[in-house]
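Pasting query.txt here (compact mmCIF, C-alpha atoms (C1' of nucleotides)):
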# COMPACT_ATOMS: atom_id res chain seq x y z
CA MET A 1 0.00 0.00 0.00
CA ALA A 2 2.65 2.53 -1.03
CA LYS A 3 1.22 6.02 -0.72
CA ALA A 4 -0.43 7.01 -3.97
CA VAL A 5 2.43 8.31 -6.07
CA ALA A 6 1.26 11.50 -7.72
CA THR A 7 3.23 11.18 -10.95
CA ARG A 8 2.25 14.81 -11.30
CA GLY A 9 0.97 16.81 -14.19
CA PHE A 10 -1.16 14.09 -15.67
CA ALA A 11 -3.85 14.03 -13.04
CA ARG A 12 -6.51 14.35 -15.72
CA ASP A 13 -5.27 11.29 -17.57
CA ARG A 14 -5.06 9.34 -14.36
CA VAL A 15 -8.70 10.08 -13.66
CA LEU A 16 -9.63 8.93 -17.16
CA ASP A 17 -7.66 5.70 -16.79
CA ALA A 18 -9.32 4.90 -13.48
CA ALA A 19 -12.74 5.76 -14.91
CA ARG A 20 -12.20 3.53 -17.93
CA ALA A 21 -11.25 0.59 -15.75
CA LEU A 22 -14.17 1.07 -13.38
CA PHE A 23 -16.67 1.61 -16.18
CA THR A 24 -15.57 -1.72 -17.61
CA GLU A 25 -15.93 -3.50 -14.29
CA HIS A 26 -19.13 -1.97 -12.97
CA GLY A 27 -20.64 -0.12 -15.89
CA VAL A 28 -21.04 3.63 -16.07
CA GLY A 29 -24.09 3.70 -13.82
CA GLY A 30 -22.38 1.49 -11.27
CA THR A 31 -19.34 3.71 -11.00
CA SER A 32 -19.39 6.63 -8.58
CA LEU A 33 -16.98 9.53 -8.35
CA GLN A 34 -16.13 8.18 -4.93
CA MET A 35 -14.91 4.93 -6.51
CA ILE A 36 -12.78 6.84 -9.00
CA ALA A 37 -11.34 9.01 -6.25
CA ASP A 38 -10.67 6.02 -4.01
CA ARG A 39 -8.80 4.19 -6.74
CA LEU A 40 -6.54 7.21 -7.15
CA GLY A 41 -6.18 7.72 -3.43
CA VAL A 42 -7.63 11.22 -3.58
CA SER A 43 -10.89 12.90 -2.62
CA THR A 44 -13.88 13.43 -4.85
CA SER A 45 -13.15 17.14 -4.76
CA ALA A 46 -9.80 16.49 -6.37
CA VAL A 47 -11.64 14.75 -9.21
CA TYR A 48 -14.00 17.69 -9.52
CA TYR A 49 -11.00 19.92 -9.95
CA GLN A 50 -10.19 18.06 -13.16
CA PHE A 51 -13.74 17.61 -14.48
CA ARG A 52 -16.90 19.65 -14.12
CA SER A 53 -19.16 16.62 -13.66
CA LYS A 54 -19.48 12.89 -14.01
CA ALA A 55 -21.04 13.38 -17.44
CA ASP A 56 -17.93 15.31 -18.43
CA ILE A 57 -15.78 12.31 -17.55
CA VAL A 58 -18.06 9.89 -19.38
CA VAL A 59 -18.07 11.98 -22.53
CA THR A 60 -14.30 12.38 -22.43
CA VAL A 61 -13.77 8.64 -22.04
CA PHE A 62 -15.99 7.69 -24.96
CA ARG A 63 -15.23 10.52 -27.38
CA PRO A 64 -12.12 8.84 -28.88
CA VAL A 65 -14.17 5.77 -29.79
CA PHE A 66 -16.83 7.77 -31.59
CA GLU A 67 -14.20 9.89 -33.28
CA ASP A 68 -12.67 6.68 -34.60
CA ILE A 69 -16.04 5.46 -35.82
CA THR A 70 -16.59 8.79 -37.55
CA ARG A 71 -13.18 8.53 -39.16
CA VAL A 72 -13.89 5.00 -40.44
CA ILE A 73 -17.19 6.19 -41.92
CA ARG A 74 -15.59 9.22 -43.57
CA ILE A 75 -12.94 7.09 -45.22
CA ALA A 76 -15.53 4.51 -46.32
CA ALA A 77 -17.91 7.12 -47.68
CA ALA A 78 -15.34 8.06 -50.31
CA ILE A 79 -15.32 4.56 -51.78
CA PRO A 80 -17.64 4.23 -54.81
CA SER A 81 -18.17 0.46 -54.90
CA ARG A 82 -20.75 -0.61 -52.33
CA GLU A 83 -19.02 -3.95 -51.80
CA VAL A 84 -15.58 -2.47 -51.23
CA ARG A 85 -17.08 0.23 -49.04
CA ARG A 86 -18.68 -2.32 -46.75
CA GLU A 87 -15.49 -4.35 -46.61
CA ALA A 88 -13.52 -1.27 -45.59
CA THR A 89 -16.08 -0.36 -42.96
CA ILE A 90 -16.03 -3.80 -41.40
CA SER A 91 -12.26 -3.86 -41.38
CA GLY A 92 -12.08 -0.41 -39.81
CA MET A 93 -14.70 -1.32 -37.25
CA ILE A 94 -12.77 -4.41 -36.21
CA GLU A 95 -9.56 -2.44 -35.99
CA LEU A 96 -11.03 0.08 -33.58
CA ALA A 97 -12.98 -2.54 -31.63
CA VAL A 98 -9.74 -4.43 -30.98
CA ARG A 99 -7.66 -1.34 -30.27
CA HIS A 100 -10.10 -0.02 -27.68
CA ARG A 101 -11.18 -3.49 -26.51
CA ARG A 102 -12.54 -2.97 -23.02
CA THR A 103 -14.01 0.45 -23.71
CA THR A 104 -15.86 -0.50 -26.86
CA ALA A 105 -17.92 -3.22 -25.20
CA LEU A 106 -19.76 -0.55 -23.26
CA VAL A 107 -20.57 1.39 -26.41
CA ARG A 108 -22.94 -1.32 -27.53
CA THR A 109 -24.26 -2.38 -24.17
CA ASP A 110 -24.17 0.15 -21.36
CA PRO A 111 -27.54 1.89 -20.97
CA ALA A 112 -25.81 5.03 -19.71
CA VAL A 113 -23.71 5.14 -22.87
CA ALA A 114 -26.83 4.57 -24.96
CA GLU A 115 -28.34 7.64 -23.35
CA LEU A 116 -25.13 9.53 -24.02
CA VAL A 117 -25.26 8.56 -27.69
CA GLU A 118 -28.83 9.82 -27.92
CA ALA A 119 -27.88 13.06 -26.22
CA VAL A 120 -24.76 13.92 -28.24
CA GLY A 121 -25.79 14.43 -31.87
CA GLU A 122 -22.28 13.88 -33.08
CA PHE A 123 -22.20 10.39 -31.54
CA ARG A 124 -25.72 9.57 -32.67
CA ASP A 125 -24.89 10.34 -36.29
CA ALA A 126 -21.85 8.09 -36.24
CA VAL A 127 -23.88 5.09 -35.09
CA ALA A 128 -26.68 5.75 -37.59
CA ASP A 129 -24.25 6.12 -40.51
CA LEU A 130 -22.57 2.87 -39.54
CA GLN A 131 -25.87 0.98 -39.75
CA VAL A 132 -26.68 2.41 -43.18
CA ILE A 133 -23.31 1.58 -44.69
CA LEU A 134 -23.42 -1.98 -43.38
CA ALA A 135 -27.03 -2.89 -44.07
CA GLY A 136 -28.05 -0.43 -46.78
CA PRO A 137 -30.86 2.13 -46.66
CA ALA A 138 -33.84 -0.30 -46.62
CA PRO A 139 -32.52 -3.69 -45.52
CA ASP A 140 -34.59 -6.89 -45.51
CA PRO A 141 -34.94 -8.97 -42.33
CA ALA A 142 -32.03 -11.23 -43.25
CA SER A 143 -29.64 -8.30 -43.75
CA ARG A 144 -30.81 -6.59 -40.60
CA THR A 145 -30.26 -9.76 -38.62
CA ALA A 146 -26.83 -10.44 -40.11
CA VAL A 147 -25.67 -6.87 -39.43
CA ALA A 148 -26.99 -7.03 -35.87
CA VAL A 149 -25.07 -10.27 -35.27
CA LEU A 150 -21.99 -8.78 -36.92
CA VAL A 151 -21.88 -5.58 -34.88
CA SER A 152 -22.85 -7.15 -31.55
CA GLY A 153 -20.54 -10.06 -32.26
CA ILE A 154 -17.51 -7.95 -33.10
CA PHE A 155 -17.81 -5.47 -30.27
CA GLY A 156 -18.93 -8.06 -27.75
CA ALA A 157 -16.24 -10.55 -28.68
CA ALA A 158 -13.44 -7.99 -28.65
CA ALA A 159 -14.24 -7.32 -24.99
CA ASP A 160 -14.81 -10.95 -24.00
CA PRO A 161 -12.45 -12.14 -21.24
CA ALA A 162 -12.05 -15.38 -23.21
CA VAL A 163 -10.02 -13.57 -25.88
CA ALA A 164 -8.13 -11.22 -23.57
CA ALA A 165 -4.90 -13.18 -23.99
CA ILE A 166 -4.95 -13.04 -27.78
CA PRO A 167 -2.67 -10.30 -29.17
CA ASP A 168 -4.29 -7.44 -31.09
CA GLU A 169 -3.01 -8.46 -34.51
CA GLU A 170 -4.15 -12.05 -34.22
CA LEU A 171 -7.53 -11.12 -32.78
CA HIS A 172 -8.03 -8.65 -35.61
CA ARG A 173 -7.37 -11.37 -38.16
CA LEU A 174 -9.64 -13.89 -36.42
CA LEU A 175 -12.49 -11.43 -36.17
CA LEU A 176 -12.09 -10.56 -39.83
CA ASP A 177 -12.47 -14.26 -40.62
CA CYS A 178 -15.67 -14.42 -38.59
CA ALA A 179 -17.03 -11.29 -40.27
CA ARG A 180 -16.31 -12.64 -43.75
CA ARG A 181 -18.11 -15.87 -42.98
CA LEU A 182 -21.07 -13.93 -41.64
CA VAL A 183 -21.58 -11.54 -44.52
CA ALA A 184 -20.57 -13.89 -47.33
CA ALA A 185 -24.04 -14.45 -48.78
CA MET B 186 -53.94 9.48 -16.86
CA ALA B 187 -56.62 7.09 -15.62
CA LYS B 188 -55.95 6.14 -12.03
CA ALA B 189 -53.69 3.11 -11.90
CA VAL B 190 -56.03 0.18 -12.32
CA ALA B 191 -55.09 -2.40 -9.73
CA THR B 192 -55.99 -5.53 -11.69
CA ARG B 193 -55.70 -7.19 -8.30
CA GLY B 194 -54.13 -10.37 -7.21
CA PHE B 195 -51.19 -10.25 -9.56
CA ALA B 196 -49.31 -7.42 -7.94
CA ARG B 197 -46.16 -9.50 -7.89
CA ASP B 198 -46.26 -10.14 -11.61
CA ARG B 199 -46.96 -6.49 -12.31
CA VAL B 200 -43.84 -5.53 -10.38
CA LEU B 201 -41.81 -8.04 -12.38
CA ASP B 202 -43.17 -6.74 -15.68
CA ALA B 203 -42.34 -3.16 -14.78
CA ALA B 204 -38.89 -4.19 -13.57
CA ARG B 205 -38.16 -6.09 -16.77
CA ALA B 206 -39.09 -3.09 -18.91
CA LEU B 207 -37.07 -0.66 -16.83
CA PHE B 208 -34.04 -2.97 -16.66
CA THR B 209 -34.08 -3.10 -20.44
CA GLU B 210 -34.29 0.68 -20.78
CA HIS B 211 -31.91 1.79 -18.06
CA GLY B 212 -30.03 -1.29 -17.00
CA VAL B 213 -30.32 -2.91 -13.59
CA GLY B 214 -28.07 -0.38 -11.89
CA GLY B 215 -29.93 2.49 -13.47
CA THR B 216 -33.30 1.31 -12.22
CA SER B 217 -34.46 2.32 -8.76
CA LEU B 218 -37.32 0.94 -6.72
CA GLN B 219 -38.79 4.40 -6.96
CA MET B 220 -38.93 4.08 -10.76
CA ILE B 221 -40.62 0.70 -10.51
CA ALA B 222 -43.12 2.02 -7.99
CA ASP B 223 -43.81 5.13 -10.06
CA ARG B 224 -44.52 3.11 -13.17
CA LEU B 225 -47.10 1.10 -11.25
CA GLY B 226 -48.52 4.17 -9.58
CA VAL B 227 -47.76 2.85 -6.10
CA SER B 228 -45.26 3.63 -3.34
CA THR B 229 -41.92 1.93 -2.83
CA SER B 230 -43.34 0.35 0.31
CA ALA B 231 -45.96 -1.41 -1.78
CA VAL B 232 -43.12 -2.90 -3.82
CA TYR B 233 -41.35 -3.98 -0.64
CA TYR B 234 -44.48 -5.78 0.38
CA GLN B 235 -44.05 -8.06 -2.65
CA PHE B 236 -40.26 -8.44 -2.54
CA ARG B 237 -37.73 -8.37 0.29
CA SER B 238 -35.18 -6.32 -1.64
CA LYS B 239 -34.09 -5.07 -5.01
CA ALA B 240 -31.78 -8.07 -5.35
CA ASP B 241 -34.80 -10.30 -4.82
CA ILE B 242 -36.52 -8.66 -7.80
CA VAL B 243 -33.42 -8.94 -9.96
CA VAL B 244 -32.95 -12.60 -9.20
CA THR B 245 -36.61 -13.34 -9.86
CA VAL B 246 -36.50 -11.56 -13.21
CA PHE B 247 -33.45 -13.41 -14.47
CA ARG B 248 -34.03 -16.87 -12.99
CA PRO B 249 -36.23 -18.10 -15.88
CA VAL B 250 -33.48 -17.29 -18.38
CA PHE B 251 -30.83 -19.22 -16.47
CA GLU B 252 -33.24 -22.08 -15.89
CA ASP B 253 -33.71 -22.25 -19.64
CA ILE B 254 -29.97 -22.22 -20.23
CA THR B 255 -29.59 -25.02 -17.70
CA ARG B 256 -32.31 -27.00 -19.43
CA VAL B 257 -30.64 -26.58 -22.83
CA ILE B 258 -27.34 -27.79 -21.38
CA ARG B 259 -28.94 -30.76 -19.66
CA ILE B 260 -30.60 -31.88 -22.88
CA ALA B 261 -27.39 -31.35 -24.86
CA ALA B 262 -25.23 -33.19 -22.33
CA ALA B 263 -27.11 -36.40 -23.10
CA ILE B 264 -26.06 -36.31 -26.76
CA PRO B 265 -22.98 -38.46 -27.45
CA SER B 266 -21.73 -36.93 -30.72
CA ARG B 267 -19.83 -33.71 -30.09
CA GLU B 268 -21.00 -32.23 -33.38
CA VAL B 269 -24.68 -32.92 -32.80
CA ARG B 270 -24.35 -31.79 -29.20
CA ARG B 271 -23.02 -28.42 -30.27
CA GLU B 272 -25.71 -28.05 -32.91
CA ALA B 273 -28.42 -28.75 -30.35
CA THR B 274 -26.88 -26.28 -27.90
CA ILE B 275 -26.72 -23.51 -30.47
CA SER B 276 -30.28 -24.15 -31.55
CA GLY B 277 -31.53 -24.18 -27.98
CA MET B 278 -29.57 -21.03 -27.17
CA ILE B 279 -31.11 -19.20 -30.11
CA GLU B 280 -34.58 -20.38 -29.15
CA LEU B 281 -34.31 -18.97 -25.65
CA ALA B 282 -32.54 -15.80 -26.77
CA VAL B 283 -35.41 -15.05 -29.14
CA ARG B 284 -38.14 -16.03 -26.70
CA HIS B 285 -36.80 -13.79 -23.95
CA ARG B 286 -35.45 -11.14 -26.35
CA ARG B 287 -35.24 -7.97 -24.29
CA THR B 288 -34.29 -9.70 -21.07
CA THR B 289 -31.50 -11.83 -22.51
CA ALA B 290 -29.51 -8.89 -23.79
CA LEU B 291 -28.79 -7.89 -20.21
CA VAL B 292 -27.52 -11.36 -19.35
CA ARG B 293 -24.47 -10.85 -21.52
CA THR B 294 -23.95 -7.17 -20.93
CA ASP B 295 -25.26 -5.67 -17.71
CA PRO B 296 -22.53 -5.43 -15.06
CA ALA B 297 -25.08 -5.88 -12.31
CA VAL B 298 -26.23 -9.14 -13.89
CA ALA B 299 -22.61 -10.22 -14.27
CA GLU B 300 -22.19 -9.75 -10.53
CA LEU B 301 -25.39 -11.70 -9.96
CA VAL B 302 -24.07 -14.55 -12.09
CA GLU B 303 -20.88 -14.64 -10.05
CA ALA B 304 -22.84 -14.63 -6.82
CA VAL B 305 -25.38 -17.34 -7.62
CA GLY B 306 -23.51 -20.60 -8.15
CA GLU B 307 -26.41 -22.11 -10.04
CA PHE B 308 -26.26 -19.32 -12.65
CA ARG B 309 -22.47 -19.36 -12.80
CA ASP B 310 -22.39 -23.07 -13.60
CA ALA B 311 -24.86 -22.65 -16.45
CA VAL B 312 -22.70 -20.04 -18.15
CA ALA B 313 -19.50 -22.03 -17.66
CA ASP B 314 -21.04 -25.22 -19.02
CA LEU B 315 -22.30 -23.35 -22.06
CA GLN B 316 -18.78 -22.17 -22.90
CA VAL B 317 -17.33 -25.67 -22.59
CA ILE B 318 -19.95 -27.30 -24.81
CA LEU B 319 -19.54 -24.66 -27.49
CA ALA B 320 -15.78 -24.25 -27.56
CA GLY B 321 -14.53 -27.50 -26.01
CA PRO B 322 -12.37 -27.90 -22.90
CA ALA B 323 -9.11 -26.35 -24.23
CA PRO B 324 -10.04 -24.23 -27.25
CA ASP B 325 -7.52 -22.56 -29.54
CA PRO B 326 -7.67 -18.80 -30.22
CA ALA B 327 -9.75 -19.25 -33.37
CA SER B 328 -12.40 -21.31 -31.57
CA ARG B 329 -12.48 -18.96 -28.62
CA THR B 330 -12.98 -16.00 -30.94
CA ALA B 331 -15.68 -17.70 -33.00
CA VAL B 332 -17.62 -18.75 -29.90
CA ALA B 333 -17.32 -15.25 -28.44
CA VAL B 334 -18.70 -13.75 -31.66
CA LEU B 335 -21.42 -16.39 -31.73
CA VAL B 336 -22.68 -15.87 -28.20
CA SER B 337 -22.39 -12.08 -28.17
CA GLY B 338 -23.84 -11.94 -31.67
CA ILE B 339 -26.86 -14.12 -30.92
CA PHE B 340 -27.80 -12.53 -27.62
CA GLY B 341 -26.98 -9.01 -28.75
CA ALA B 342 -28.80 -9.33 -32.06
CA ALA B 343 -31.91 -10.85 -30.52
CA ALA B 344 -32.29 -7.70 -28.43
CA ASP B 345 -31.36 -5.24 -31.17
CA PRO B 346 -34.13 -2.72 -31.93
CA ALA B 347 -33.37 -3.25 -35.63
CA VAL B 348 -34.88 -6.74 -35.50
CA ALA B 349 -37.73 -5.97 -33.10
CA ALA B 350 -40.31 -6.16 -35.90
CA ILE B 351 -39.24 -9.61 -37.07
CA PRO B 352 -41.51 -12.39 -35.74
CA ASP B 353 -39.98 -14.94 -33.37
CA GLU B 354 -40.05 -17.85 -35.83
CA GLU B 355 -38.40 -15.93 -38.64
CA LEU B 356 -35.78 -14.40 -36.37
CA HIS B 357 -34.97 -17.83 -35.00
CA ARG B 358 -34.41 -19.14 -38.52
CA LEU B 359 -32.28 -16.16 -39.55
CA LEU B 360 -30.11 -16.39 -36.45
CA LEU B 361 -29.64 -20.10 -37.05
CA ASP B 362 -28.38 -19.26 -40.56
CA CYS B 363 -25.89 -16.79 -39.10
CA ALA B 364 -24.72 -19.30 -36.51
CA ARG B 365 -24.20 -22.02 -39.14
CA ARG B 366 -22.11 -19.69 -41.28
CA LEU B 367 -20.04 -18.73 -38.25
CA VAL B 368 -19.20 -22.18 -36.95
CA ALA B 369 -18.97 -23.96 -40.30
CA ALA B 370 -15.20 -24.30 -40.31
C1' DG C 371 -3.69 20.98 -6.58
C1' DT C 372 -5.72 18.92 -2.72
C1' DC C 373 -8.35 19.03 1.51
C1' DT C 374 -12.58 19.80 4.83
C1' DA C 375 -16.98 20.77 5.21
C1' DT C 376 -21.31 20.94 3.60
C1' DA C 377 -25.63 21.28 0.70
C1' DT C 378 -28.95 18.56 -1.52
C1' DA C 379 -30.93 14.67 -3.66
C1' DT C 380 -31.71 10.06 -4.15
C1' DG C 381 -31.53 5.21 -3.09
C1' DG C 382 -32.53 1.12 -0.27
C1' DA C 383 -34.95 -0.32 3.52
C1' DT C 384 -38.03 -0.61 7.91
C1' DA C 385 -41.91 0.43 11.33
C1' DG C 386 -46.25 1.11 12.05
C1' DA C 387 -50.81 3.35 10.88
C1' DC C 388 -54.95 2.50 8.11
C1' DG D 389 -52.38 -4.58 0.58
C1' DT D 390 -51.15 0.14 0.55
C1' DC D 391 -49.72 4.50 2.71
C1' DT D 392 -46.93 7.84 5.76
C1' DA D 393 -43.09 8.66 7.98
C1' DT D 394 -38.57 7.91 8.79
C1' DC D 395 -33.60 6.08 8.97
C1' DC D 396 -29.32 5.65 7.08
C1' DA D 397 -26.08 5.34 3.43
C1' DT D 398 -24.41 7.08 -0.68
C1' DA D 399 -24.15 10.28 -4.75
C1' DT D 400 -23.40 14.53 -7.18
C1' DA D 401 -21.80 18.90 -6.56
C1' DT D 402 -20.10 23.41 -4.44
C1' DA D 403 -17.54 26.73 -1.31
C1' DG D 404 -13.76 27.90 0.71
C1' DA D 405 -9.53 26.86 3.56
C1' DC D 406 -4.64 25.56 3.02
Final structure tokens representation of the file:
Amino acid sequence: MAKAVATRGFARDRVLDAARALFTEHGVGGTSLQMIADRLGVSTSAVYYQFRSKADIVVTVFRPVFEDITRVIRIAAAIPSREVRREATISGMIELAVRHRRTTALVRTDPAVAELVEAVGEFRDAVADLQVILAGPAPDPASRTAVAVLVSGIFGAAADPAVAAIPDEELHRLLLDCARRLVAA
Amino acid sequence: MAKAVATRGFARDRVLDAARALFTEHGVGGTSLQMIADRLGVSTSAVYYQFRSKADIVVTVFRPVFEDITRVIRIAAAIPSREVRREATISGMIELAVRHRRTTALVRTDPAVAELVEAVGEFRDAVADLQVILAGPAPDPASRTAVAVLVSGIFGAAADPAVAAIPDEELHRLLLDCARRLVAA
DNA sequence: GTCTATATATGGATAGAC
DNA sequence: GTCTATCCATATATAGAC
């Protein structure tokens, strides 16, 4: 129990790291500022010095993920062929799902994050665009189901403890295999 | 705003219905007894008359799902061929995922439910057994990844709003197609 | 930059009246 | 079977001292 070493200067990042870990363990709703403060060995007030509110922390934690999704969409949107565009989107989605691993699971599943997505237009658009590129504008039941399995499967699997030991590169490749099998009509 | 009609005699079931709906919307952690009581137009004390605690409600809501999982496993365990056994397990898993739809999503994703699973040995065993039947006792990375995609994909997709309009039978069939494509090595 | 103290709300839970 | 009243713990958040 060495006294909490204040590595100094990066207090904000330390709060974000602790928040990320706790969000993963207990969900956003199950994580209090007290828990974050305790993990850092500081008081809640110290946390409030770095962030205006809990919502501020949540938004800061998840912004990078949605920025990545937006980036993947923007790159894909420039591709003329629908087939190639979908391929690129899936590949980009897997890349970011693996890179963010623990964080991304919550994007698809945590009710608090779902509310956040609804609230922040920027995030909401990213998710909507993703659906359209993958399933098309007016998808039939089979496409809708396949896309739902694909997205839930990718994001859920990337965060599954069962694959935690698999290195990023290998996991990326394995998920790509699964995705190809799924969407290969 | 007609005064809350107390259909009488089924107060317990009405609490469970309200809880299920709220758990789906806000997650278990994000649902308070106050919210449940409000939705029924009663006081929290009235809810406490039907259940000892919030945990009691949670356990009662999720028990049927885990009982179904246990039943699927028990039936599958009696099948000698490993191939056929896995097929039967997947089919049974899809059947219960579709039948419970909104509830099952939380089983894979809600941190509060994850803690519940850890706490209740009966539930924990069901989940562990499911993994072993699907992936085998010492699975390689590829199998672990495929099973993770399969389970997350099935449960996540069944609860996805995008497939809400698809009838149970059709959704079951479509999910089975997805599963076959995924595990067909 | 971190602390103490505090305001205020909400959550889970119980006792006892009706 | 439902309500009022209440207890206690915890949560978010702020003010101000050091």
Wanna dump the chain B-chain A contacts at 7 Å for me, each residue with its shortest atom pair and the distance in Å to one decimal, counting all atoms listed in the file, ordered by chain and number, as CSV?
residue,atom,partner,partner_atom,distance
B:Glu210,CA,A:Pro111,CA,6.9
B:His211,CA,A:Pro111,CA,5.3
B:Gly212,CA,A:Pro111,CA,5.7
B:Gly214,CA,A:Gly29,CA,6.0
B:Gly215,CA,A:Gly29,CA,6.0
B:Thr294,CA,A:Thr109,CA,5.8
B:Asp295,CA,A:Asp110,CA,7.0
B:Pro296,CA,A:His26,CA,5.3
B:Pro326,CA,A:Ile166,CA,6.8
B:Ala327,CA,A:Leu174,CA,6.2
B:Arg329,CA,A:Ala162,CA,6.5
B:Thr330,CA,A:Val163,CA,6.3
B:Ala331,CA,A:Cys178,CA,6.5
B:Ala333,CA,A:Ala157,CA,4.8
B:Val334,CA,A:Gly153,CA,4.2
B:Leu335,CA,A:Gly153,CA,6.4
B:Ser337,CA,A:Gly153,CA,4.9
B:Gly338,CA,A:Gly153,CA,3.8
B:Ile339,CA,A:Val149,CA,6.1
B:Gly341,CA,A:Ser152,CA,5.3
B:Ala342,CA,A:Ala148,CA,4.8
B:Asp345,CA,A:Ala148,CA,6.7
B:Ala347,CA,A:Arg144,CA,6.5
B:Val348,CA,A:Thr145,CA,6.3
B:Ile351,CA,A:Pro141,CA,6.8
B:Leu359,CA,A:Ala142,CA,6.2
B:Leu360,CA,A:Thr145,CA,7.0
B:Cys363,CA,A:Leu182,CA,6.2
B:Arg366,CA,A:Arg181,CA,5.8
B:Leu367,CA,A:Arg181,CA,5.9
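Every residue of chain B that lies within 10 Å of chain D is listed here, counting all atoms listed in the file: Arg193, Gly194, Ala196, Val227, Ser228, Thr229, Ser230, Ala231, Val232, Tyr234 and Gln235 of chain B.
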(Q) At a cut-off of 10 Å, which residues of chain C touch chain A? Count only C-alpha atoms (C1' of nucleotides) and give the answer as an MDAnalysis selection string. (A) chainID C and resid 371:374
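Between atom CA of Phe308 of chain B and atom CA of Glu252 of chain B there is a distance of 8.2 Å.
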Q. Atom CA of Leu176 of chain A and atom CA of Ile94 of chain A, how far apart in Å?
A. 7.2 Å
Given 4 Å on each side, where is the centre and what are the edge lengths in Å to one decimal of the axis-aligned box enclosing the listed atoms of segment 80-89 of chain A, as lines of an AutoDock Vina configuration file?
center_x = -17.1
center_y = -0.1
center_z = -48.9
size_x = 15.2
size_y = 16.6
size_z = 19.9
Q | Nearby residues, (-5.1, 3.0, -13.1) file frame, 12 Å, all atoms listed in the file, as a PyMOL selection string | A | chain A and resi 4-7+11-22+35-41
**Q.** Coordinates-based distance that separates atom CA of Glu87 of chain A from atom CA of Arg124 of chain A (Å, one decimal)
**A.** 22.2 Å
Q: Pick out the residues sitting within 8 Å of Phe66 of chain A, and hand them over as a VMD selection string; count all atoms listed in the file, and ignore anything fewer than 4 positions along from it in its own chain.
A: chain A and resid 62 70 123 126
